[in-house]
Structures are given as C-alpha cells and as structure tokens.
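To keep things clear, I will list the structure first and then write my remarks on it.
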Amino acid sequence: MGAMSDVAIRRARPEDLADLTEIYNHYVIHTAITFDVEPYTPETRKPWLEQFADAGRHQLFVAQSAGRVIGYAGSMRFRPKAAYETSVETTIYLRPDHTARGLGGRLYARLFEAIRGEDVHRMYAGITQPNDASNKLHARLGFREVGRYGEVGRKLGRYWDVLWMERNV
Ligand SMILES: CC(C)(COP(=O)(O)OP(=O)(O)OC[C@H]1O[C@@H](n2cnc3c(N)ncnc32)[C@H](O)[C@@H]1OP(=O)(O)O)[C@@H](O)C(=O)NCCC(=O)NCCS
C-alpha cells in the first residue's frame, strides 16, 4: 500500500457502488459492527447510495487510492419522524487493511466540513461494543457518550451492546 499522501478524499459517485458494497459486506458477513445480516449486491445496495446528495444534510465521501475506494464516511437520516430531520446518523467504514492509519479522521473531517453550513444540528454514531478504534476516533472528534443500549441486537449467535455518541455540528 502507498503512503497516506496517495489517498484522495472526494465525494462519492454512482460508479463507486461496487466498491462501497464490497467494503460494507465484509462487516455484514464477519462482524456485528453493523446489524445488517445479509450481504448486499450492488443492485440491492443502490437505494442506500441514492440517499446521498451533493448538498444538504445527507452527503457521502470516499477515500480513493490506486484507483479504488478504500473507505467511506457519510451522514444519513437519523429517524423518520419530521422533527428528527436536523439530526443525522453518521456511518464510516474502511477496508480492513486500511484501518489504524488516521484515514477515518480524514474522511470525517471532509464530511463535517461539507455539512457544517447545512441545516443539521446534531450528529449521532451508534457503535457496537467492543470497538476501541471507533470509540477513540469518535471521542477524538468531539463526540460525547449519550448512553449504552444493552444487548439491543443479536447477531453471530450472541447479543451485542451499542454505545451511542453525539456531536454538535
Ligand atoms: C473505526 C474506524 C473508522 C476508525 O478509523 P481509523 O482510520 O482506523 O482510525 P485511526 O487510525 O484514526 O485510529 C483511531 C484511534 O483508535 C486507535 N486504534 C486504531 N485501531 C485500533 C485497534 N484495532 N484497537 C484499538 N485501538 C485502535 C488508534 O490508535 C487511534 O487512537 P487515538 O485516537 O488515541 O490516536 C476504522 O478502524 C474502521 O473502519 N473500522 C472497521 C469498521 C468500523 O468499525 N466502523 C465504525 C462503525 S461505528
């Protein structure tokens, strides 16, 4: 792998769909980091990608190296009811061989810059425990702990806690 200087952060594009699906599926299949349990195809993942736009509350950025996407960070609707619209839930996933090099912080910085001028007031991250890298990344970037849902999901034969964190936009 090249140095981090070879990594470009840019807005996600429709043609990133296959890479984005592949990255996510790794965590769907092998971990409880996400509570999705069935892997996606690019076709079934397309509605997820289409929720993001070039402006507004819901935006998606990718890290690209050597012509392929190696990670992404985005902001999504938090809950469906109308008054929640000023809150977003963030999502961030790197290819497993590109973690622990500061890339998560670079992706989030770009996302935060993009939504700062938008009508968003709070962002939320739900982190299945344990996940030291994610806990530390979010704390370092100004997320505060809200609370921990105990055994809120069941996957891979056991129950998992989720730590919720909150950040001012
Ligand atoms: C979570 C994730 C986005 C963090 O991004 P990253 O680029 O790997 O994070 P960083 O390199 O900036 O590391 C963040 C912190 O965690 C630490 N860390 C990194 N990997 C770690 C590991 N495996 N175990 C413990 N600590 C770890 C780093 O030392 C750093 O600590 P610091 O803030 O005190 O310096 C990334 O690791 C990832 O995609 N993981 C798999 C998917 C995932 O968990 N997504 C988040 C779901 S909520």
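As shown in the structure tokens, the chain order sets the letters A, B, ...; within each chain, residues go from 1, and ligands are also counted from 1 in the order they appear.
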Using only C-alpha atoms, tabulate the residues of segment 1-91 of chain A lying at most 9 Å from any atom of segment 151-158 of chain A, each with its closest atom pair and that distance in Å to one decimal, by chain and increasing residue number, as a tab-separated table.
residue	atom	partner	partner_atom	distance
A:His30	CA	A:Leu156	CA	8.5
A:Thr31	CA	A:Leu156	CA	7.8
A:Ala32	CA	A:Lys155	CA	6.2
A:Phe35	CA	A:Gly153	CA	6.9
A:Asp36	CA	A:Lys155	CA	8.8
A:Val37	CA	A:Lys155	CA	7.3
For the selection you just gave me, I'd like the residues written to a file as a short mmCIF file (atom, residue, chain, number, x, y, z; two decimals), in the first residue's frame, keeping N, CA and C atoms.
data_model
loop_
_atom_site.label_atom_id
_atom_site.label_comp_id
_atom_site.auth_asym_id
_atom_site.auth_seq_id
_atom_site.Cartn_x
_atom_site.Cartn_y
_atom_site.Cartn_z
N HIS A 30 -18.84 -10.73 8.52
CA HIS A 30 -17.87 -11.22 9.51
C HIS A 30 -17.96 -10.58 10.89
N THR A 31 -18.75 -9.52 11.05
CA THR A 31 -18.74 -8.79 12.32
C THR A 31 -20.14 -8.36 12.73
N ALA A 32 -20.26 -7.88 13.97
CA ALA A 32 -21.51 -7.27 14.45
C ALA A 32 -21.39 -5.75 14.48
N PHE A 35 -25.58 -4.15 12.11
CA PHE A 35 -26.60 -5.15 12.43
C PHE A 35 -27.30 -5.67 11.18
N ASP A 36 -26.92 -5.24 9.99
CA ASP A 36 -27.35 -5.96 8.79
C ASP A 36 -26.76 -7.37 8.87
N VAL A 37 -27.53 -8.35 8.42
CA VAL A 37 -27.02 -9.73 8.50
C VAL A 37 -26.87 -10.37 7.12
#
Review point. Taking the backbone alone, and naming residues the way the document does, which bits of chain A are strand (DSSP E or B) by DSSP, as number ranges by chain?
Key: A: 8-11, 60-65, 68-77, 87-94, 122-128, 144-155, 158-168
Check your understanding: Using only C-alpha atoms and all ligand atoms, which protein or nucleic acid residues are at most 6 Å from ligand 1, as a ChimeraX atom specification?
Key -> /A:33,92-94,99-105,126-127,132-134,136-137,140
Mind writing the picked residues with C-alpha atoms as a compact mmCIF listing (two decimals), in the first residue's frame?
# COMPACT_ATOMS: atom_id res chain seq x y z
CA ILE A 33 -20.22 -3.75 13.73
CA ILE A 92 -17.85 5.19 8.46
CA TYR A 93 -16.19 2.06 7.09
CA LEU A 94 -12.65 1.43 5.87
CA THR A 99 -7.52 0.90 9.31
CA ALA A 100 -5.40 2.38 12.12
CA ARG A 101 -3.63 4.93 9.88
CA GLY A 102 -5.67 8.01 10.57
CA LEU A 103 -7.83 7.68 7.46
CA GLY A 104 -11.09 7.68 9.43
CA GLY A 105 -10.27 11.14 10.77
CA GLY A 126 -24.13 4.03 17.17
CA ILE A 127 -21.10 1.85 17.90
CA ASP A 132 -11.86 0.58 20.62
CA ALA A 133 -10.80 2.14 17.32
CA SER A 134 -14.26 3.57 16.65
CA LYS A 136 -11.46 6.53 20.22
CA LEU A 137 -11.99 8.07 16.80
CA ARG A 140 -11.21 12.43 19.49
Check your understanding: If you run DSSP on this backbone, which residues of segment 1-140 of chain A come out as helix (DSSP H, G or I), and could you give them as a ChimeraX atom specification?
Key -> /A:4-6,14-30,42-49,82-86,96-98,103-115,132-140
Review point. Which neighbours of Ser65 of chain A fall inside 8 Å, counting only C-alpha atoms, when residues of the same chain fewer than 5 positions from it are skipped, and could you give them as a PyMOL selection string?
Key: chain A and resi 2+6-8+70
Check your understanding: If we count only C-alpha atoms, what is near Glu118 of chain A at a cut-off of 12 Å, once residues fewer than 4 positions away on the same chain are taken out, given as number ranges by chain?
Key -> A: 54-59, 75, 85-88, 111-114, 122, 169
Exercise for review: May I ask for the distance between atom CA of Glu89 of chain A and atom CA of Tyr124 of chain A, given in Å to one decimal place?
Suggested key: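 These two atoms are separated by 4.7 Å.
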Review point. If you measure from atom CA of Tyr72 of chain A to atom CA of Trp160 of chain A, what distance in Å do you get, rounded to one decimal?
Key: 23.9 Å
